[in-house]
$ cat data27.tsv   # TSV, N, CA and C atoms
chain	number	residue	atom	x	y	z
G	17	MET	N	0.84	-1.18	0.00
G	17	MET	CA	0.00	0.00	0.00
G	17	MET	C	0.88	1.24	0.00
G	18	SER	N	0.49	2.22	-0.69
G	18	SER	CA	1.25	3.46	-0.69
G	18	SER	C	0.67	4.40	0.34
G	19	LYS	N	1.44	5.43	0.65
G	19	LYS	CA	0.99	6.42	1.62
G	19	LYS	C	-0.14	7.26	1.05
G	20	ALA	N	-0.40	7.18	-0.26
G	20	ALA	CA	-1.49	7.92	-0.88
G	20	ALA	C	-2.78	7.12	-0.89
G	21	SER	N	-2.77	5.89	-0.40
G	21	SER	CA	-3.96	5.06	-0.36
G	21	SER	C	-4.93	5.60	0.68
G	22	PRO	N	-6.04	4.89	0.95
G	22	PRO	CA	-6.97	5.38	1.97
G	22	PRO	C	-6.24	5.68	3.28
G	23	PRO	N	-6.85	6.48	4.13
G	23	PRO	CA	-6.16	6.89	5.37
G	23	PRO	C	-6.03	5.76	6.38
G	24	LEU	N	-5.12	5.97	7.31
G	24	LEU	CA	-5.04	5.14	8.50
G	24	LEU	C	-6.09	5.63	9.47
G	25	LEU	N	-6.70	4.72	10.21
G	25	LEU	CA	-7.60	5.09	11.29
G	25	LEU	C	-6.82	4.99	12.59
G	26	LEU	N	-6.72	6.11	13.29
G	26	LEU	CA	-6.03	6.19	14.57
G	26	LEU	C	-7.07	6.38	15.65
G	27	VAL	N	-7.12	5.45	16.61
G	27	VAL	CA	-8.10	5.51	17.69
G	27	VAL	C	-7.34	5.62	19.01
G	28	GLU	N	-7.47	6.77	19.65
G	28	GLU	CA	-6.72	7.04	20.89
G	28	GLU	C	-7.51	8.04	21.71
G	29	ASP	N	-7.79	7.72	22.98
G	29	ASP	CA	-8.57	8.63	23.81
G	29	ASP	C	-7.73	9.69	24.50
G	30	GLY	N	-6.44	9.52	24.57
G	30	GLY	CA	-5.57	10.53	25.17
G	30	GLY	C	-5.30	11.65	24.18
G	31	PRO	N	-5.77	12.87	24.45
G	31	PRO	CA	-5.65	13.94	23.46
G	31	PRO	C	-4.22	14.25	23.04
G	32	LEU	N	-3.28	14.27	23.98
G	32	LEU	CA	-1.89	14.57	23.62
G	32	LEU	C	-1.28	13.45	22.79
G	33	THR	N	-1.55	12.21	23.17
G	33	THR	CA	-1.04	11.07	22.41
G	33	THR	C	-1.66	11.04	21.02
G	34	LEU	N	-2.94	11.33	20.94
G	34	LEU	CA	-3.63	11.36	19.64
G	34	LEU	C	-2.99	12.39	18.72
G	35	VAL	N	-2.81	13.61	19.20
G	35	VAL	CA	-2.26	14.68	18.37
G	35	VAL	C	-0.82	14.38	17.96
G	36	SER	N	0.02	13.95	18.92
G	36	SER	CA	1.42	13.69	18.59
G	36	SER	C	1.57	12.51	17.63
G	37	THR	N	0.76	11.48	17.81
G	37	THR	CA	0.81	10.32	16.91
G	37	THR	C	0.31	10.71	15.52
G	38	GLN	N	-0.78	11.44	15.47
G	38	GLN	CA	-1.30	11.88	14.17
G	38	GLN	C	-0.28	12.75	13.45
G	39	MET	N	0.36	13.67	14.16
G	39	MET	CA	1.36	14.53	13.54
G	39	MET	C	2.55	13.73	13.01
G	40	ALA	N	3.01	12.75	13.78
G	40	ALA	CA	4.14	11.92	13.34
G	40	ALA	C	3.79	11.15	12.08
G	41	LEU	N	2.60	10.58	12.03
G	41	LEU	CA	2.17	9.83	10.84
G	41	LEU	C	2.01	10.74	9.64
G	42	GLU	N	1.39	11.89	9.84
G	42	GLU	CA	1.20	12.83	8.73
G	42	GLU	C	2.53	13.38	8.24
G	43	HIS	N	3.47	13.57	9.14
G	43	HIS	CA	4.81	14.04	8.75
G	43	HIS	C	5.48	13.04	7.80
G	44	GLU	N	5.17	11.76	7.98
G	44	GLU	CA	5.72	10.72	7.12
G	44	GLU	C	4.89	10.51	5.85
G	45	GLY	N	3.84	11.31	5.66
G	45	GLY	CA	3.06	11.25	4.43
G	45	GLY	C	1.78	10.45	4.49
G	46	TYR	N	1.45	9.93	5.66
G	46	TYR	CA	0.19	9.20	5.80
G	46	TYR	C	-0.97	10.16	5.97
G	47	ARG	N	-2.09	9.80	5.38
G	47	ARG	CA	-3.34	10.49	5.70
G	47	ARG	C	-3.92	9.77	6.91
G	48	VAL	N	-4.47	10.53	7.85
G	48	VAL	CA	-4.94	9.95	9.10
G	48	VAL	C	-6.34	10.45	9.41
G	49	VAL	N	-7.22	9.53	9.78
G	49	VAL	CA	-8.51	9.86	10.35
G	49	VAL	C	-8.39	9.51	11.83
G	50	ALA	N	-8.64	10.49	12.69
G	50	ALA	CA	-8.48	10.29	14.13
G	50	ALA	C	-9.83	10.18	14.82
G	51	ALA	N	-9.89	9.29	15.81
G	51	ALA	CA	-11.10	9.10	16.62
G	51	ALA	C	-10.69	9.02	18.08
G	52	ARG	N	-11.44	9.69	18.95
G	52	ARG	CA	-11.12	9.70	20.38
G	52	ARG	C	-11.94	8.72	21.19
G	53	HIS	N	-12.98	8.13	20.60
G	53	HIS	CA	-13.76	7.14	21.35
G	53	HIS	C	-14.29	6.10	20.36
G	54	SER	N	-14.81	5.04	20.92
G	54	SER	CA	-15.18	3.88	20.09
G	54	SER	C	-16.30	4.19	19.10
G	55	ALA	N	-17.27	4.99	19.48
G	55	ALA	CA	-18.38	5.28	18.57
G	55	ALA	C	-17.89	6.01	17.32
G	56	SER	N	-17.01	7.00	17.49
G	56	SER	CA	-16.51	7.71	16.31
G	56	SER	C	-15.58	6.81	15.49
G	57	ALA	N	-14.89	5.88	16.14
G	57	ALA	CA	-14.06	4.93	15.39
G	57	ALA	C	-14.92	4.04	14.50
G	58	LEU	N	-16.02	3.55	15.04
G	58	LEU	CA	-16.92	2.71	14.24
G	58	LEU	C	-17.54	3.52	13.10
G	59	ASP	N	-17.87	4.79	13.34
G	59	ASP	CA	-18.37	5.65	12.27
G	59	ASP	C	-17.32	5.80	11.17
G	60	ALA	N	-16.06	5.96	11.57
G	60	ALA	CA	-14.98	6.13	10.59
G	60	ALA	C	-14.79	4.89	9.73
G	61	LEU	N	-15.15	3.73	10.25
G	61	LEU	CA	-15.02	2.49	9.48
G	61	LEU	C	-16.05	2.36	8.36
G	62	ALA	N	-16.93	3.34	8.24
G	62	ALA	CA	-17.89	3.35	7.12
G	62	ALA	C	-17.17	3.62	5.80
G	63	GLN	N	-15.98	4.21	5.89
G	63	GLN	CA	-15.16	4.49	4.71
G	63	GLN	C	-13.92	3.59	4.74
G	64	PRO	N	-13.38	3.24	3.58
G	64	PRO	CA	-12.17	2.40	3.57
G	64	PRO	C	-10.99	3.07	4.29
G	65	VAL	N	-10.24	2.27	5.00
G	65	VAL	CA	-9.00	2.71	5.63
G	65	VAL	C	-7.92	1.69	5.28
G	66	CYS	N	-6.65	2.13	5.25
G	66	CYS	CA	-5.57	1.22	4.87
G	66	CYS	C	-4.95	0.53	6.06
G	67	GLY	N	-5.31	0.94	7.26
G	67	GLY	CA	-4.77	0.32	8.46
G	67	GLY	C	-5.45	0.91	9.69
G	68	LEU	N	-5.33	0.19	10.80
G	68	LEU	CA	-5.93	0.61	12.06
G	68	LEU	C	-4.86	0.61	13.14
G	69	ILE	N	-4.76	1.72	13.84
G	69	ILE	CA	-3.93	1.83	15.04
G	69	ILE	C	-4.90	2.17	16.15
G	70	THR	N	-5.04	1.28	17.12
G	70	THR	CA	-6.05	1.51	18.15
G	70	THR	C	-5.54	1.24	19.55
G	71	ASP	N	-5.87	2.17	20.43
G	71	ASP	CA	-5.68	1.93	21.85
G	71	ASP	C	-6.65	0.81	22.22
G	72	ILE	N	-6.34	0.08	23.26
G	72	ILE	CA	-7.23	-1.02	23.66
G	72	ILE	C	-8.33	-0.52	24.59
G	73	ARG	N	-7.98	0.26	25.59
G	73	ARG	CA	-8.96	0.78	26.54
G	73	ARG	C	-9.47	2.12	26.03
G	74	LEU	N	-10.77	2.18	25.74
G	74	LEU	CA	-11.37	3.37	25.16
G	74	LEU	C	-12.69	3.70	25.84
G	75	PRO	N	-13.05	4.99	25.86
G	75	PRO	CA	-14.39	5.33	26.34
G	75	PRO	C	-15.43	4.93	25.29
G	76	GLY	N	-16.59	4.61	25.75
G	76	GLY	CA	-17.65	4.21	24.84
G	76	GLY	C	-17.99	2.75	25.01
G	77	PRO	N	-18.90	2.27	24.20
G	77	PRO	CA	-19.40	0.91	24.40
G	77	PRO	C	-18.44	-0.19	23.93
G	78	PHE	N	-17.39	0.15	23.17
G	78	PHE	CA	-16.51	-0.87	22.63
G	78	PHE	C	-15.06	-0.58	22.99
G	79	ASP	N	-14.26	-1.62	23.03
G	79	ASP	CA	-12.83	-1.43	23.25
G	79	ASP	C	-12.08	-1.63	21.94
G	80	GLY	N	-10.78	-1.48	21.98
G	80	GLY	CA	-9.96	-1.62	20.78
G	80	GLY	C	-10.01	-3.02	20.17
G	81	TRP	N	-10.17	-4.04	21.01
G	81	TRP	CA	-10.29	-5.41	20.48
G	81	TRP	C	-11.51	-5.50	19.56
G	82	GLU	N	-12.63	-4.94	20.02
G	82	GLU	CA	-13.88	-5.01	19.24
G	82	GLU	C	-13.81	-4.14	17.99
G	83	ILE	N	-13.16	-3.00	18.07
G	83	ILE	CA	-13.01	-2.15	16.89
G	83	ILE	C	-12.19	-2.88	15.83
G	84	ALA	N	-11.13	-3.55	16.25
G	84	ALA	CA	-10.31	-4.30	15.29
G	84	ALA	C	-11.09	-5.45	14.66
G	85	ARG	N	-11.89	-6.14	15.46
G	85	ARG	CA	-12.70	-7.23	14.89
G	85	ARG	C	-13.70	-6.69	13.87
G	86	GLU	N	-14.30	-5.53	14.15
G	86	GLU	CA	-15.22	-4.92	13.20
G	86	GLU	C	-14.49	-4.49	11.93
G	87	ALA	N	-13.31	-3.92	12.08
G	87	ALA	CA	-12.52	-3.53	10.91
G	87	ALA	C	-12.20	-4.75	10.05
G	88	ARG	N	-11.83	-5.86	10.69
G	88	ARG	CA	-11.51	-7.09	9.95
G	88	ARG	C	-12.75	-7.70	9.32
G	89	ALA	N	-13.91	-7.52	9.94
G	89	ALA	CA	-15.15	-8.03	9.33
G	89	ALA	C	-15.41	-7.30	8.01
G	90	ARG	N	-15.05	-6.03	7.95
G	90	ARG	CA	-15.26	-5.24	6.74
G	90	ARG	C	-14.14	-5.43	5.73
G	91	TRP	N	-12.90	-5.48	6.22
G	91	TRP	CA	-11.70	-5.62	5.36
G	91	TRP	C	-10.81	-6.68	5.99
G	92	PRO	N	-10.93	-7.93	5.56
G	92	PRO	CA	-10.23	-9.04	6.21
G	92	PRO	C	-8.71	-8.92	6.29
G	93	ASP	N	-8.10	-8.17	5.40
G	93	ASP	CA	-6.64	-8.06	5.40
G	93	ASP	C	-6.11	-6.76	5.99
G	94	ILE	N	-6.97	-5.96	6.62
G	94	ILE	CA	-6.52	-4.67	7.14
G	94	ILE	C	-5.46	-4.86	8.22
G	95	PRO	N	-4.33	-4.15	8.10
G	95	PRO	CA	-3.30	-4.22	9.15
G	95	PRO	C	-3.80	-3.57	10.44
G	96	VAL	N	-3.47	-4.19	11.57
G	96	VAL	CA	-3.91	-3.69	12.88
G	96	VAL	C	-2.72	-3.61	13.82
G	97	VAL	N	-2.56	-2.43	14.43
G	97	VAL	CA	-1.58	-2.22	15.49
G	97	VAL	C	-2.36	-1.81	16.74
G	98	TYR	N	-2.23	-2.58	17.80
G	98	TYR	CA	-2.81	-2.22	19.09
G	98	TYR	C	-1.76	-1.45	19.88
G	99	VAL	N	-2.18	-0.43	20.60
G	99	VAL	CA	-1.28	0.27	21.52
G	99	VAL	C	-1.92	0.24	22.91
G	100	THR	N	-1.09	0.03	23.91
G	100	THR	CA	-1.63	-0.08	25.26
G	100	THR	C	-0.60	0.35	26.30
G	101	GLY	N	-1.09	0.92	27.36
G	101	GLY	CA	-0.27	1.24	28.51
G	101	GLY	C	-0.39	0.18	29.57
G	102	GLU	N	-1.21	-0.80	29.31
G	102	GLU	CA	-1.43	-1.89	30.26
G	102	GLU	C	-0.72	-3.14	29.75
G	103	GLY	N	-0.97	-4.25	30.35
G	103	GLY	CA	-0.33	-5.50	29.97
G	103	GLY	C	-0.81	-6.02	28.62
G	104	GLU	N	-0.07	-6.97	28.12
G	104	GLU	CA	-0.36	-7.58	26.82
G	104	GLU	C	-1.00	-8.95	26.94
G	105	GLU	N	-1.37	-9.34	28.15
G	105	GLU	CA	-1.83	-10.72	28.38
G	105	GLU	C	-3.08	-11.11	27.61
G	106	ASP	N	-3.94	-10.17	27.26
G	106	ASP	CA	-5.15	-10.50	26.52
G	106	ASP	C	-4.94	-10.59	25.01
G	107	TRP	N	-3.78	-10.14	24.53
G	107	TRP	CA	-3.53	-10.07	23.10
G	107	TRP	C	-3.67	-11.43	22.40
G	108	ALA	N	-3.12	-12.48	23.01
G	108	ALA	CA	-3.18	-13.80	22.39
G	108	ALA	C	-4.61	-14.29	22.18
G	109	GLN	N	-5.51	-13.94	23.10
G	109	GLN	CA	-6.89	-14.38	22.99
G	109	GLN	C	-7.79	-13.42	22.23
G	110	LYS	N	-7.55	-12.12	22.39
G	110	LYS	CA	-8.46	-11.13	21.84
G	110	LYS	C	-7.96	-10.42	20.59
G	111	GLY	N	-6.66	-10.45	20.34
G	111	GLY	CA	-6.10	-9.76	19.19
G	111	GLY	C	-6.45	-10.47	17.89
G	112	VAL	N	-6.62	-9.69	16.82
G	112	VAL	CA	-6.93	-10.29	15.52
G	112	VAL	C	-5.66	-10.89	14.92
G	113	PRO	N	-5.78	-11.94	14.11
G	113	PRO	CA	-4.60	-12.54	13.48
G	113	PRO	C	-3.82	-11.52	12.67
G	114	GLY	N	-2.49	-11.64	12.74
G	114	GLY	CA	-1.62	-10.77	11.97
G	114	GLY	C	-1.41	-9.40	12.58
G	115	SER	N	-1.91	-9.17	13.77
G	115	SER	CA	-1.76	-7.87	14.41
G	115	SER	C	-0.44	-7.78	15.16
G	116	LEU	N	-0.09	-6.55	15.51
G	116	LEU	CA	1.05	-6.29	16.37
G	116	LEU	C	0.57	-5.45	17.55
G	117	ILE	N	1.33	-5.51	18.63
G	117	ILE	CA	1.00	-4.70	19.80
G	117	ILE	C	2.21	-3.87	20.17
G	118	LEU	N	1.95	-2.63	20.52
G	118	LEU	CA	3.00	-1.67	20.85
G	118	LEU	C	2.72	-1.15	22.25
G	119	GLN	N	3.69	-1.30	23.14
G	119	GLN	CA	3.53	-0.90	24.53
G	119	GLN	C	3.79	0.60	24.68
G	120	LYS	N	2.88	1.30	25.39
G	120	LYS	CA	3.08	2.70	25.72
G	120	LYS	C	4.01	2.81	26.91
G	121	PRO	N	4.80	3.83	27.01
G	121	PRO	CA	4.99	4.88	26.01
G	121	PRO	C	5.88	4.37	24.89
G	122	TYR	N	5.65	4.85	23.70
G	122	TYR	CA	6.45	4.47	22.54
G	122	TYR	C	6.97	5.73	21.86
G	123	SER	N	8.07	5.59	21.17
G	123	SER	CA	8.61	6.72	20.42
G	123	SER	C	7.92	6.80	19.07
G	124	ALA	N	7.96	7.97	18.47
G	124	ALA	CA	7.39	8.14	17.13
G	124	ALA	C	8.09	7.20	16.15
G	125	GLY	N	9.40	7.06	16.29
G	125	GLY	CA	10.16	6.18	15.40
G	125	GLY	C	9.72	4.73	15.50
G	126	LYS	N	9.48	4.27	16.71
G	126	LYS	CA	9.03	2.88	16.91
G	126	LYS	C	7.64	2.68	16.32
G	127	LEU	N	6.75	3.65	16.52
G	127	LEU	CA	5.41	3.56	15.94
G	127	LEU	C	5.49	3.50	14.42
G	128	LEU	N	6.26	4.40	13.84
G	128	LEU	CA	6.37	4.44	12.37
G	128	LEU	C	6.96	3.16	11.82
G	129	ALA	N	7.98	2.62	12.48
G	129	ALA	CA	8.58	1.36	12.02
G	129	ALA	C	7.57	0.22	12.11
G	130	THR	N	6.77	0.20	13.17
G	130	THR	CA	5.76	-0.84	13.34
G	130	THR	C	4.69	-0.74	12.26
G	131	VAL	N	4.21	0.48	12.00
G	131	VAL	CA	3.19	0.70	10.97
G	131	VAL	C	3.73	0.31	9.60
G	132	GLU	N	4.93	0.74	9.27
G	132	GLU	CA	5.54	0.40	7.97
G	132	GLU	C	5.65	-1.12	7.82
G	133	ARG	N	6.15	-1.78	8.86
G	133	ARG	CA	6.34	-3.23	8.79
G	133	ARG	C	5.01	-3.95	8.57
G	134	LEU	N	3.98	-3.52	9.26
G	134	LEU	CA	2.69	-4.20	9.15
G	134	LEU	C	2.00	-3.89	7.83
G	135	ILE	N	2.03	-2.64	7.40
G	135	ILE	CA	1.37	-2.28	6.15
G	135	ILE	C	2.04	-2.96	4.97
G	136	HIS	N	3.35	-3.13	5.06
G	136	HIS	CA	4.06	-3.78	3.96
G	136	HIS	C	4.26	-5.27	4.21
G	137	HIS	N	3.51	-5.81	5.18
G	137	HIS	CA	3.47	-7.25	5.47
G	137	HIS	C	4.83	-7.84	5.79
G	138	GLU	N	5.65	-7.10	6.48
G	138	GLU	CA	6.96	-7.61	6.89
G	138	GLU	C	6.90	-7.94	8.37
G	139	GLY	N	6.88	-9.21	8.69
G	139	GLY	CA	6.96	-9.60	10.08
G	139	GLY	C	5.64	-9.62	10.83
G	140	ALA	N	4.53	-9.52	10.14
G	140	ALA	CA	3.25	-9.60	10.83
G	140	ALA	C	3.10	-11.00	11.42
G	141	ALA	N	2.54	-11.07	12.60
G	141	ALA	CA	2.40	-12.35	13.27
G	141	ALA	C	1.02	-12.45	13.90
G	142	HIS	N	0.52	-13.67	13.98
G	142	HIS	CA	-0.71	-13.91	14.72
G	142	HIS	C	-0.40	-13.65	16.19
G	143	PRO	N	-1.34	-13.09	16.93
G	143	PRO	CA	-1.07	-12.84	18.35
G	143	PRO	C	-0.52	-14.05	19.08
G	144	GLU	N	-0.95	-15.24	18.73
G	144	GLU	CA	-0.48	-16.43	19.42
G	144	GLU	C	1.00	-16.66	19.17
G	145	GLY	N	1.54	-16.06	18.11
G	145	GLY	CA	2.95	-16.20	17.81
G	145	GLY	C	3.83	-15.39	18.75
G	146	GLY	N	3.24	-14.45	19.46
G	146	GLY	CA	3.97	-13.71	20.47
G	146	GLY	C	4.83	-12.59	19.94
G	147	ARG	N	4.72	-12.21	18.69
G	147	ARG	CA	5.53	-11.12	18.19
G	147	ARG	C	5.03	-9.81	18.75
G	148	ARG	N	5.94	-9.00	19.26
G	148	ARG	CA	5.58	-7.74	19.89
G	148	ARG	C	6.49	-6.64	19.39
G	149	SER	N	6.03	-5.42	19.48
G	149	SER	CA	6.87	-4.26	19.24
G	149	SER	C	6.83	-3.42	20.50
G	150	ARG	N	7.98	-3.17	21.08
G	150	ARG	CA	8.03	-2.40	22.33
G	150	ARG	C	8.96	-1.23	22.15
G	151	HIS	N	8.71	-0.22	22.97
G	151	HIS	CA	9.57	0.96	23.00
G	151	HIS	C	10.91	0.57	23.56

$ encode --input "data27.tsv" --output "structure tokens"
Amino acid sequence: MSKASPPLLLVEDGPLTLVSTQMALEHEGYRVVAARHSASALDALAQPVCGLITDIRLPGPFDGWEIAREARARWPDIPVVYVTGEGEEDWAQKGVPGSLILQKPYSAGKLLATVERLIHHEGAAHPEGGRRSRH
């Protein structure tokens, strides 16, 4: 996928993290649709997106696990990066196949490398495979 393809969907409830992550992605040439809660994330999935970066714990009726499952129901091959400040223990059971998880806090460089790797299908792993990206 090229950076000119449909936008990435970024779902993050922390306003500072949302803005800094969106700016880093846009600086690298990605178009980004940002959502601060689960309802707006699901609304954003009405349009095609080239990838999903989602926090796991979100305000609203759904969490990041459910948003990723909905994204995969619409686009089975969509790349998914989960970001979390909590533990990764639920990833093996709740994460969608081929996803990666990034532990907060993360650097912009680590996020960009993770997104590039996943979008270009380099090193994507099923959650059960235990592949992780950490700061």

$ axis_aligned_box --input "data27.tsv" --around "stretch 86-89 of chain G" --padding-each-side "4 Å" --output "JSON"
{"center_x": -13.5, "center_y": -5.8, "center_z": 11.1, "size_x": 11.9, "size_y": 12.5, "size_z": 14.1}

$ closest_residue --input "data27.tsv" --among "G:Leu127, G:Val27, G:Ile83, G:Ala40" --to "G:Arg52" --atoms "all atoms listed in the file"
G:Val27

$ atom_distance --input "data27.tsv" --atom1 "atom N of G:Gly111" --atom2 "atom CA of G:Ala87"
13.1 Å

$ closest_atom_pairs --input "data27.tsv" --of "stretch 74-122 of chain G" --to "stretch 59-66 of chain G" --cutoff "12 Å" --atoms "only C-alpha atoms" --output "tab-separated table"
residue	atom	partner	partner_atom	distance
G:Ile83	CA	G:Leu61	CA	9.0
G:Ala84	CA	G:Leu61	CA	10.1
G:Arg85	CA	G:Leu61	CA	11.4
G:Glu86	CA	G:Leu61	CA	8.3
G:Ala87	CA	G:Leu61	CA	6.7
G:Arg88	CA	G:Leu61	CA	10.2
G:Ala89	CA	G:Leu61	CA	10.5
G:Arg90	CA	G:Leu61	CA	8.2
G:Trp91	CA	G:Pro64	CA	8.2
G:Pro92	CA	G:Cys66	CA	11.3
G:Asp93	CA	G:Cys66	CA	9.4
G:Ile94	CA	G:Cys66	CA	6.4
G:Pro95	CA	G:Cys66	CA	7.3
G:Val96	CA	G:Cys66	CA	9.5
G:Val97	CA	G:Cys66	CA	11.9

$ closest_residue --input "data27.tsv" --among "G:Leu32, G:Ala50, G:Ala55, G:Ile69" --to "G:Glu132" --atoms "only C-alpha atoms"
G:Ile69

$ atom_distance --input "data27.tsv" --atom1 "atom C of G:Phe78" --atom2 "atom N of G:Ala108"
16.9 Å

$ closest_residue --input "data27.tsv" --among "G:Ser36, G:Thr70, G:Ser21, G:Thr100" --to "G:Ala51" --atoms "only C-alpha atoms"
G:Thr70

$ closest_residue --input "data27.tsv" --among "G:Ala124, G:Thr37, G:Val48, G:Gln119" --to "G:Glu104" --atoms "only N, CA and C atoms"
G:Gln119

$ select_by_dssp --input "data27.tsv" --residues "chain G" --states "helix (DSSP H, G or I)" --output "VMD selection string"
chain G and resid 31 to 43 54 to 60 80 to 90 107 to 110 124 to 135 143 to 145

$ select_by_dssp --input "data27.tsv" --residues "stretch 43-147 of chain G" --states "strand (DSSP E or B)" --output "PyMOL selection string"
chain G and resi 48-51+67-71+96-100+116-119

$ atom_distance --input "data27.tsv" --atom1 "atom N of G:Pro113" --atom2 "atom N of G:Arg73"
16.9 Å
